[in-house]
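Peer 1: Input: one structure, supplied below.
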Amino acid sequence: MADTATTAGAGGSGTRSGSKQSTNPADNYHLARRRTLQVVVSSLLTEAGFESAEKASVETLTEMLQSYISEIGRSAKSYCEHTARTQPTLSDIVVTLVEMGFNVDTLPAYAKRSQRMVITAPPVTNQPVTPKALTAGQNRPHPPHIPSHFPEFPDPHTYIKTPTYREPVSDYQVLREKAASQRRDVERALTRFMAKTGETQSLFKDDVSTFPLIAARPFTIPYLTALLPSELEMQQMEETDSSEQDEQTDTENLPLHISTDDSGAEKENTSVLQQNPSLSGSRNGEENVIDNPYLRPVKKPKIRRKK
Amino acid sequence: MPPTGLEPARMNRKKGDKGFESPRPYKLTHQVVCINNINFQRKSVVGFVELTIFPTVANLNRIKLNSKQCRIYRVRINDLEAAFIYNDPTLEVCHNESKQRNLNYFSNAYAAAVSAVDPDAGNGELCIKVPSELWKHVDELKVLKIHINFSLDQPKGGLHFVVPSVEGSMAERGAHVFSCGYQNSTRFWFPCVDSYSELCTWKLEFTVDAAMVAVSNGDLVETVYTHDMRKKTFHYMLTIPTAASNISLAIGPFEILVDPYMHEVTHFCLPQLLPLLKHTTSYLHEVFEFYEEILTCRYPYSCFKTVFIDEAYVEVAAYASMSIFSTNLLHSAMIIDETPLTRRCLAQSLAQQFFGCFISRMSWSDEWVLKGISGYIYGLWMKKTFGVNEYRHWIKEELDKIVAYELKTGGVLLHPIFGGGKEKDNPASHLHFSIKHPHTLSWEYYTMFQCKAHLVMRLIENRISMEFMLQVFNKLLSLASTASSQKFQSHMWSQMLVSTSGFLKSISNVSGKDIQPLIKQWVDQSGVVKFYGSFAFNRKRNVLELEIKQDYTSPGTQKYVGPLKVTVQELDGSFNHTLQIEENSLKHDIPCHSKSRRNKKKKIPLMNGEEVDMDLSAMDADSPLLWIRIDPDMSVLRKVEFEQADFMWQYQLRYERDVVAQQESILALEKFPTPASRLALTDILEQEQCFYRVRMSACFCLAKIANSMVSTWTGPPAMKSLFTRMFCCKTCPNIVKTNNFMSFQSYFLQKTMPVAMALLRDVHNLCPKEVLTFILDLIKYNDNRKNKFSDNYYRAEMIDALANSVTPAVSVNNEVRTLDNLNPDVRLILEEITRFLNMEKLLPSYRHTITVSCLRAIRVLQKNGHVPSDPALFKSYAEYGHFVDIRIAALEAVVDYTKVDRSYEELQWLLNMIQNDPVPYVRHKILNMLTKNPPFTKNMESPLCNEALVDQLWKLMNSVFLENIGY
């Protein structure tokens, strides 16, 4: 009997120590359940007249009990789902027990037996708290067309924005310093990376890594990179010249990118450019007011034209 | 018409008055050029020409035409087969067996070869026999039609093919071809009479790929598809009589832009560059307006075309009704520095449309008139567009150039006359080349020739006034346009040719003035004038005793006799005096107007009427003279060396309003490193109203002065506090403001100051650490994000500044340069250069200005012994396929290396490139750089100078292809 007590006692202390040791609440829960089952097995053994039991046998019995209970639960769930329900009813359990070869009728009598022991309920361990995500701002309530049982909106920062509250640095000198060194660092890192991943040239024969120069590579059309502004500069360019889009929709009569400049010209010399509105409307040669031989359509060869 | 003016002109030039006499026994009236096949892959051209000629003598049995490198298949005259002989003596200038190998021999042989085919002497490479069946026909002086089938394979000149090696069709690759050449070199791409004096009307046909455009002279009449619809033919008609030398062609997949202001003007550029083209040409109409207004004459052709092409032979080439430009002139609105340069090129080409294309010349010796007039009206445009300061500065610059050239190399003769006399045969015996033909000149000589021509035009203007000058031009133009409209009277067409005598006659008719002495001095004679001036003030007589000496014995000089203007600024005002320079008189007494006793309350009146307060404490108490200027209007082609006291130069710098005077005084102050000079220069630097170029040169002068007075210099390094005040933040003086280049004057100053500062040296002859840190900080804090303009030129100049700060490395017994013994300052510089050069690969700057500066800086580091000298890097950047500016910078470094390290290998490499590089401009440039910075000189022992090299150079010269430069 003393053993049982120790076991029970061990169970209690184990739960406590477990809660101390394990950091994971799920593990914690699992352990607590196991201790309870052990207490149950021990009391049943006491009821059956054992005075003591080896630890291994108690463990085995616990395992068996656990399997049995699990099986009941699993089967009951299957039965209830079989009849398209989500919650098992008494009849599901009954059928399960019958299926497992258990005489259900003996159960009430067994429950009311005189020498049964009552085990204290396991100490209520704290429900493992799901760690609360960092809340930032207020969750939005559901709009009226979404039923209330639907899950709540996630925190606004996950899908709208994260407000940060830090005092911006306003000192001009610090800012300039920062911008300058940041840009320098980025440029340095980028160029070093490019140099590392590609071919390099060096100013010192014995050292190729201190001042790596990205190898000079000839272009097939060198003037394009030299003359056209880089993308960065394009961004800076404030004037948005929309006439750059040379849609190549011209028919075979105008196979070249012909564009008549009509942007920027109006500013000064409007009188010459009265025709511009009509021009932008119709681009096919016939209605073009500008009569330039290069804009005229190419003629079809005359039949039987001899060279 | 005042009859007096006519006499001198008539007396001196009898020949010109009779009108033009053709050297040929026939007159060309019309020519058809038809190119019906152009193969970009093989770089070949197939076509025919048809010349319509009228014999002018009865027994014409041989017809000489010009043609080079063309393969001629068949010649027919009036549909009869004709025999022909083709001989081009310039292919091998000196024969193989010749033993003589010197420059003189070569030059003579070359001149002989050129004149043997000179169209102006009626010669030609192609000699066609008139079939005997036609002799009778010829005797009746009836029309002959000469039909020549020809082809051209891999032309080495005349036509230049650019074929990028990428995937896709020729049009997609951006392949193009264009005509190019120096002077009259149309014969390189089709048989013709390649003379500026043989005018005719033209019909031009070019059959090209359907995705391409052929741009040529005259009006595009129609464009017709071929039967298979894969090609189209461009038909051009040029009804204004034009010389073959002014015919041009450009074919490529061009983007077309009709000028929004002038619909008859069309611009062409290579694919993808259209936005740049729009911006670049948006200014052209103003140039048109300007020229048409001053010449009171409409643009003579019915249309105008500009074509921007890659690998251009020269930046600007003007032909009848079209101009061919280098594509590198295109720029976007963000670029500051290129904009005025490009506009100048546009204006220059347009001026040549009037004089050079429309009006042609009678002979080579009349070339100066055309170059002079076009250069002169271009100058007027400059004056109007960029202001009087810029114009005067430009004139001074051009004057200095021509003076320096003539004093170094010998005279430039504008109007050579080649008479019968033996000794007169070569009027330029001091030169190593003949000036008889445009093709035998050195390139530099021709540049200087043009420069002198427009300066002389300006002298004529000074003499007869601008109004008359423009009247003369108008007269020439209206005569020519009347003649050009006479479609069937080809004898009238010679009115479109200008000659020296005709031009002078026109001048005397219009102005009634005799400019003969002026012409004699500057046109018929070569050389410039060299004055030495000094003065003394005679207090007793209150007279300024001016002594003006001349040096007319050195090569390139001549004696000047005539009026000379001297301006004297006295306390009571500015006074002009005209001295008569004569043979023997050296001393000139000029009476002074003011007493030396100074009246302190009075303001001092300047030349322009302005009255200013001056601090007169610096000047000599006995003399009322503030400063003296000799020939202030630059009305003599001269060099003046004038001696006056340092305070006078300082006054001149501070108070004289003429930019040329300011520039001169800055130059003179270099010799006076005193605190007073320093103060005068700093004041000018700070003055916002002062012309920016003057301020820029003041920077460099200040650096020189600071170095001379290094031991006594007080305060921070020169210009540093000035720069800080002008361009740095108020609160943190070590940080430069974010870039804002809206004011171009201060932009140029901001660019220049650090470059000049980097030239400062301390007592150990090192660049002060403070200056280097300052420049490094400028680079570090450079912030262009809010700027409307690109800062690529600014950053490039910062690298130049870094390079300027480099001083020779202290080397201990020639140890090998390695990283470990690298100077820490140099390490910082290298760090920046590396980063800049690498960033260029990722974000290239406009025209790769930064790469160019980096390459130069690396060469400086190598030369100063900080980095091992090694040409490998430069050679990789010099390869074909890099942007041309980069290649030139890299080649310059290789040339320099060849000289310093005496490397035979590199010289071979360069010579190989001279022979084989696909870009003529680069070939020309290498030769040019080798002559400017030769690997060895005449009397120097060098391992490079060996017989094999002589052999090689001799061969190269023998087959030299129209790249005339001074050897």
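Labels for the structure tokens follow display order: chains A, B, ..., residues from 1 in each chain, ligands from 1.
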Considering only alpha helix (DSSP H) as DSSP defines it on the backbone, what residues of range 596-836 of chain B qualify? List them as a PyMOL selection string.
Peer 2: chain B and resi 646-655+659-669+675-686+692-708+720-727+744-757+769-780+792-804+824-836
Peer 1: Suppose you want the space between CA of Val894 in chain B and CA of Leu341 in chain B; what is it in Å?
Peer 2: 27.7 Å
Peer 1: Quick one: pull the distance between CA of Thr29 in chain B and CA of Thr186 in chain B, Å, one decimal.
Peer 2: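 So the answer is 17.4 Å.
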Peer 1: Of the candidates B:Ile309, B:Leu470, B:Val193, B:Leu126, which one gets nearest to chain A if we count only C-alpha atoms?
Peer 2: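 Using only C-alpha atoms, chain A sits closest to B:Ile309.
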Peer 1: Could you give me, as number ranges by chain, the residues within 12 Å of Gln689 in chain B, counting only C-alpha atoms and dropping anything in the same chain fewer than 2 positions from it?
Peer 2: B: 389, 654, 657, 659, 683-687, 691-695, 745-746
Peer 1: Have a look at B:Lys27, B:Arg629, B:Lys145, B:His331 and name the one nearest to Tyr223 in chain A; count only C-alpha atoms.
Peer 2: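 Of all the options, B:His331 lies closest to Tyr223 in chain A.
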Peer 1: Which residues, written as a ChimeraX atom specification, have at least one atom at most 10 Å from range 158-166 of chain B, with only C-alpha atoms counted and residues fewer than 3 positions away on the same chain left out?
Peer 2: /A:219-222 /B:39-45,68-69,152,154-155,169-182,184-190,248-252,309-313,881,918-920,962
Peer 1: What is the distance between CA of Ile519 in chain B and CA of Gly533 in chain B, in Å to one decimal?
Peer 2: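 So the answer is 25.6 Å.
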Peer 1: Which residues, written as a list in words, have at least one atom at most 8 Å from range 113-116 of chain A, with only C-alpha atoms counted and residues fewer than 3 positions away on the same chain left out?
Peer 2: Glu47, Ala109 and Tyr110 of chain A
